[in-house]
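Here's the structure, in structure tokens; my notes come after.
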Amino acid sequence: MTQLHDLTALEQGELISTGKLSPVELTDHYLERIDRLNATLGAYITVTPEIARKQAVEAEAEAAGARREDRALSPLHGVPVPVKDLNFVAGVRATQGSAAFADHIPATDDHIVTKLRAAGTILLGKTNTPEFGLPCYTENQVAPPARTPWDLDRSAGGSSGGAGAAVASGLAPLAQGSDGGGSIRIPASVCGLYGIKPSRGRVSSGPTLYDVSGLSTSGPIARTVADAAALLDVLSGQMPGDCYTAPALPPGETFVDYAAREPGSLRVAVLTTPPVPGIAVHPDCVAATESAAELLASLGHRPEPLELPADETLRRVFEQVWAVMATQQPVDPERESVLMPLTRHLRAEGVHVSGPDFATALYTFRAVGALVASLQEEYDVILTPTLAQPPAQIGGLRDDADPAQEFANLTAFTPFTPLYNATGQPSVSLPLHWTEAGLPIGVMLGGRYGDEATLIALSAQLERARPWISRKPPVW
């Protein structure tokens with residue numbers, strides 16, 4: 001029997017627009033599931049039932065008025081979309097995954113929240129994140145760990161692990177996440193979902209959380225390509241104060257339009273060796289990539305193997321920038337002792353990165369971006385594994401006794417994703433492969449700067465050829 005959470009977000013939005021589904025009923029359905037399952041999955045840090053129900057009542061009234069006036073609304077009007085707890089919603093607790101901010105209540109909405117409100121979406125709550133979004137797992141001191149519903153002993157990834165756990169287990173139809181080194185694509189991979197890291201400047205990070213490094217951006221995590229594209233349409237667009245701006249789509253076009261278009265025949269570089277030395281890629285991750293290449297060839301694309309020389313430079317400069325950015329959270333000195341060991345380690349390292357070294361690291365990112373851009377004059381898309389390993393055990397990547405070793409563990413787990421944060425190019429993770437044990441393994445596509453449209457069209461073609469939405473995890 002089909003339940004409300006079996007429907008895609010766009011199906012829910014269509015039913016709401018035609019009056020066949022009440023946003024109140026839909027919101028209550030998700031709140032009931034959150035109340036029953038969240039303690040197991042660790043998807044939400046804060047649940048906002050009062051706000052959600054108030055917004056649902058308003059969305060229902062607005063939808064009724066739009067029908068009377070034959071007025072179009074957002075395709076996601078009345079659809080629940082939770083917000084990651086690194087982002088600010090005025091009047092709602094924002095812990096940023098840290099005990100040091102357990103009682104922090106911001107007074108200002110982030111720009112992405114302004115856009116979500118304008119689209120008529122419903123705030124179910126704030127999804128789980130590791131402290132300041134620094135590691136690629138979601139374990140902290142303010143909430144239970146976020147678990148993938150495909151195996152509750154394994155992590156939902158990070159740092160948008162709560163968003164991944166929520167969508168994959170039917171505690172939200174789709175979710176906003178953020179990605180500074182893979183934090184949307186990692187949970188997408190380990191939770192069997194589709195995730196988009198947009199081009200630098202596509203989505204505003206203001207007005208209070210600007211990332212001066214240019215690494216981080218917000219984007220969608222969803223069960224389908226079209227749902228993710230619809231949320232990208234909502235989140236996209238320049239806001240006052242933005243320091244980067246991605247090229248806009250042609251007037252009148254939307255990203256969700258491209259999910260229904262054929263991408264044409266594309267030349268695809270296939271890369272299974274990480275761009276940093278000394279990291280082994282698990283056979284399941286290689287197999288997933290090779291299988292995706294075969295599928296691409298069957299659809300008329302031209303996959304070609306590619307090897308790039310491994311270089312220690314990118315790992316070194318990324319760690320420097322990551323450490324500096326960890327210092328940007330204004331922690332009361334008396335609260336430093338409650339921070340996680342990895343956070344304290346990175347903040348201590350960050351204060352020792354000199355101004356010239358930081359500038360050189362950012363210059364290196366731009367140089368790598370130019371190199372990859374020149375490569376993509378020859379190739380339309382680059383195909384790689386999303387991760388170097390299958391989903392990790394809860395606690396499996398942590399090393400509280402040796403946080404330097406922990407950072408090395410994180411690098412070995414996710415050597416592919418940070419490339420696109422450094423270059424600012426868009427990339428997506430697709431759930432095209434499952435292991436014999438039933439664990440999802442994602443593959444990643446990287447595109448030219450500003451060209452999310454091609455990635456979405458190609459992703460939708462792959463989704464039609466090898467549908468994944470019919471796969472349901474044990475917790476559903």
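Residue names in the structure tokens use chain letters A, B, ... in the order shown, residue numbers from 1 in each chain, and ligand numbers from 1 in the order shown.
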Exercise. Out of region 137-257 of chain A, which residues get strand (DSSP E or B) from DSSP, as a list in words?
Worked result: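 Secondary structure check on region 137-257 of chain A, strand (DSSP E or B): Arg147, Arg154, Ser155, Leu174, Ala175, Gln176, Gly177, Ser178, Asp179, Tyr194, Gly195, Ile196, Lys197, Val203, Thr217, Ser218, Gly219, Pro220, Ile221, Ala222, Ser236 and Gly237 of chain A.
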Preceding selection exported with N, CA and C atoms as a PDB file, in the first residue's frame:
ATOM      1  N   ARG A 147      22.548   7.543  11.249  1.00  0.00           N
ATOM      2  CA  ARG A 147      22.794   6.203  10.723  1.00  0.00           C
ATOM      3  C   ARG A 147      22.128   6.039   9.363  1.00  0.00           C
ATOM      4  N   ARG A 154      25.980   1.409  10.603  1.00  0.00           N
ATOM      5  CA  ARG A 154      26.864   2.221   9.769  1.00  0.00           C
ATOM      6  C   ARG A 154      26.411   3.681   9.733  1.00  0.00           C
ATOM      7  N   SER A 155      27.382   4.537   9.507  1.00  0.00           N
ATOM      8  CA  SER A 155      27.162   5.988   9.514  1.00  0.00           C
ATOM      9  C   SER A 155      26.400   6.443   8.280  1.00  0.00           C
ATOM     10  N   LEU A 174      12.717  15.334   0.917  1.00  0.00           N
ATOM     11  CA  LEU A 174      13.999  15.796   0.405  1.00  0.00           C
ATOM     12  C   LEU A 174      14.549  16.766   1.434  1.00  0.00           C
ATOM     13  N   ALA A 175      15.798  17.211   1.277  1.00  0.00           N
ATOM     14  CA  ALA A 175      16.387  18.042   2.321  1.00  0.00           C
ATOM     15  C   ALA A 175      17.449  18.955   1.745  1.00  0.00           C
ATOM     16  N   GLN A 176      17.649  20.081   2.431  1.00  0.00           N
ATOM     17  CA  GLN A 176      18.776  20.959   2.151  1.00  0.00           C
ATOM     18  C   GLN A 176      19.990  20.428   2.897  1.00  0.00           C
ATOM     19  N   GLY A 177      21.135  20.416   2.218  1.00  0.00           N
ATOM     20  CA  GLY A 177      22.400  20.089   2.855  1.00  0.00           C
ATOM     21  C   GLY A 177      23.428  21.127   2.474  1.00  0.00           C
ATOM     22  N   SER A 178      24.622  21.002   3.016  1.00  0.00           N
ATOM     23  CA  SER A 178      25.726  21.862   2.590  1.00  0.00           C
ATOM     24  C   SER A 178      26.949  21.002   2.374  1.00  0.00           C
ATOM     25  N   ASP A 179      27.887  21.521   1.573  1.00  0.00           N
ATOM     26  CA  ASP A 179      28.987  20.698   1.087  1.00  0.00           C
ATOM     27  C   ASP A 179      30.242  21.551   0.963  1.00  0.00           C
ATOM     28  N   TYR A 194      20.393  10.733  -4.225  1.00  0.00           N
ATOM     29  CA  TYR A 194      20.978  11.597  -5.237  1.00  0.00           C
ATOM     30  C   TYR A 194      21.263  12.948  -4.604  1.00  0.00           C
ATOM     31  N   GLY A 195      22.477  13.448  -4.774  1.00  0.00           N
ATOM     32  CA  GLY A 195      22.848  14.724  -4.191  1.00  0.00           C
ATOM     33  C   GLY A 195      23.605  15.591  -5.167  1.00  0.00           C
ATOM     34  N   ILE A 196      23.365  16.889  -5.105  1.00  0.00           N
ATOM     35  CA  ILE A 196      24.014  17.858  -5.992  1.00  0.00           C
ATOM     36  C   ILE A 196      24.837  18.836  -5.161  1.00  0.00           C
ATOM     37  N   LYS A 197      26.139  18.926  -5.470  1.00  0.00           N
ATOM     38  CA  LYS A 197      26.946  20.058  -5.006  1.00  0.00           C
ATOM     39  C   LYS A 197      26.971  21.075  -6.137  1.00  0.00           C
ATOM     40  N   VAL A 203      24.322  29.128  -5.178  1.00  0.00           N
ATOM     41  CA  VAL A 203      23.454  29.284  -4.010  1.00  0.00           C
ATOM     42  C   VAL A 203      24.164  30.205  -3.019  1.00  0.00           C
ATOM     43  N   THR A 217      29.029  25.241  -0.146  1.00  0.00           N
ATOM     44  CA  THR A 217      27.790  25.699  -0.756  1.00  0.00           C
ATOM     45  C   THR A 217      26.649  24.830  -0.256  1.00  0.00           C
ATOM     46  N   SER A 218      25.433  25.337  -0.329  1.00  0.00           N
ATOM     47  CA  SER A 218      24.250  24.530  -0.023  1.00  0.00           C
ATOM     48  C   SER A 218      23.733  23.870  -1.299  1.00  0.00           C
ATOM     49  N   GLY A 219      22.999  22.774  -1.112  1.00  0.00           N
ATOM     50  CA  GLY A 219      22.412  22.074  -2.243  1.00  0.00           C
ATOM     51  C   GLY A 219      21.422  21.032  -1.764  1.00  0.00           C
ATOM     52  N   PRO A 220      20.832  20.286  -2.702  1.00  0.00           N
ATOM     53  CA  PRO A 220      19.769  19.340  -2.360  1.00  0.00           C
ATOM     54  C   PRO A 220      20.260  17.898  -2.195  1.00  0.00           C
ATOM     55  N   ILE A 221      19.573  17.179  -1.323  1.00  0.00           N
ATOM     56  CA  ILE A 221      19.667  15.717  -1.211  1.00  0.00           C
ATOM     57  C   ILE A 221      18.256  15.184  -1.396  1.00  0.00           C
ATOM     58  N   ALA A 222      18.085  14.226  -2.301  1.00  0.00           N
ATOM     59  CA  ALA A 222      16.740  13.771  -2.647  1.00  0.00           C
ATOM     60  C   ALA A 222      16.759  12.321  -3.083  1.00  0.00           C
ATOM     61  N   SER A 236      18.601  28.430  -5.655  1.00  0.00           N
ATOM     62  CA  SER A 236      19.523  29.175  -6.515  1.00  0.00           C
ATOM     63  C   SER A 236      19.187  30.661  -6.575  1.00  0.00           C
ATOM     64  N   GLY A 237      20.205  31.444  -6.925  1.00  0.00           N
ATOM     65  CA  GLY A 237      19.990  32.860  -7.185  1.00  0.00           C
ATOM     66  C   GLY A 237      20.838  33.759  -6.310  1.00  0.00           C
TER      67      GLY A 237
END
Which residues of region 80-140 of chain A sit at most 10 Å from region 6-15 of chain A, using only C-alpha atoms? Give each one's shortest atom pair and distance in Å (one decimal place), in chain and ascending residue order, as a tab-separated table.
residue	atom	partner	partner_atom	distance
A:Pro80	CA	A:Ala9	CA	8.4
A:Val81	CA	A:Ala9	CA	9.3
A:Thr121	CA	A:Gly13	CA	9.7
Against region 312-331 of chain A, which residues of region 107-218 of chain A fall within 10 Å? For each one I want the closest pair of atoms and the distance in Å (one decimal), counting only C-alpha atoms, rows by chain and increasing residue number, as a Markdown table.
| residue | atom | partner | partner_atom | distance |
| --- | --- | --- | --- | --- |
| A:Glu131 | CA | A:Ala326 | CA | 9.9 |
| A:Phe132 | CA | A:Ala326 | CA | 7.5 |
| A:Gly133 | CA | A:Ala326 | CA | 9.2 |
| A:Leu134 | CA | A:Ala326 | CA | 7.4 |
| A:Gly180 | CA | A:Trp322 | CA | 9.0 |
| A:Gly181 | CA | A:Phe318 | CA | 9.0 |
| A:Leu209 | CA | A:Gln329 | CA | 9.7 |
| A:Asp211 | CA | A:Met325 | CA | 8.0 |
| A:Val212 | CA | A:Met325 | CA | 8.7 |
| A:Ser213 | CA | A:Val321 | CA | 7.4 |
| A:Leu215 | CA | A:Trp322 | CA | 9.1 |
For this session: Write out as a list in words each polymer residue whose atoms come within 9 Å of Met239 (chain A), counting only C-alpha atoms; drop sequence neighbours fewer than 5 positions from it.
Result: His111, Val203, Ser204, Ser205, Gly206 and Pro207 of chain A
Exercise. Could you state the separation of CA of Leu455 (chain A) and CA of Pro82 (chain A) in Å, given to one decimal place?
Worked result: 24.4 Å
What are the closest atom pairs, with distances in Å to one decimal, for each residue of region 333-366 of chain A lying within 10 Å of region 384-403 of chain A, using only C-alpha atoms, rows by chain and rising residue number, as a Markdown table?
| residue | atom | partner | partner_atom | distance |
| --- | --- | --- | --- | --- |
| A:Met340 | CA | A:Asp400 | CA | 7.9 |
| A:Pro341 | CA | A:Asp400 | CA | 5.6 |
| A:Leu342 | CA | A:Pro403 | CA | 4.9 |
| A:Thr343 | CA | A:Pro403 | CA | 8.5 |
| A:Arg344 | CA | A:Pro403 | CA | 8.8 |
| A:His345 | CA | A:Pro403 | CA | 6.4 |
| A:Leu346 | CA | A:Pro403 | CA | 8.5 |
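Near Leu299 (chain A), within a cut-off of 12 Å and counting only C-alpha atoms, sit the residues Glu262, Pro263, Gly264, Ser265, Leu266, Arg267, Ala292, Ala293, Glu294, Leu295, Leu296, Ala297, His301, Arg302, Pro303, Leu458, Ser459, Gln461, Leu462, Glu463, Arg464, Ala465 and Arg466 of chain A, with same-chain residues fewer than 2 positions away left out.
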Exercise. From the list A:Glu58, A:Glu69, A:Asp227, A:Glu25, which residue is nearest Ala260 (chain A) when using only C-alpha atoms?
Worked result: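 Looking only at the distances to Ala260 (chain A), the closest residue turns out to be A:Asp227.
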For this session: Determine which residues of region 397-431 of chain A DSSP labels as alpha helix (DSSP H) from the backbone of this structure, then write them out as a ChimeraX atom specification.
Result: /A:403-413,418-423
Problem set entry | Contacts of Glu452 (chain A) within 9 Å, only C-alpha atoms, excl. fewer than 4 positions in-chain, as a PyMOL selection string | chain A and resi 196+198-199+255+425-428+447-448+456-457
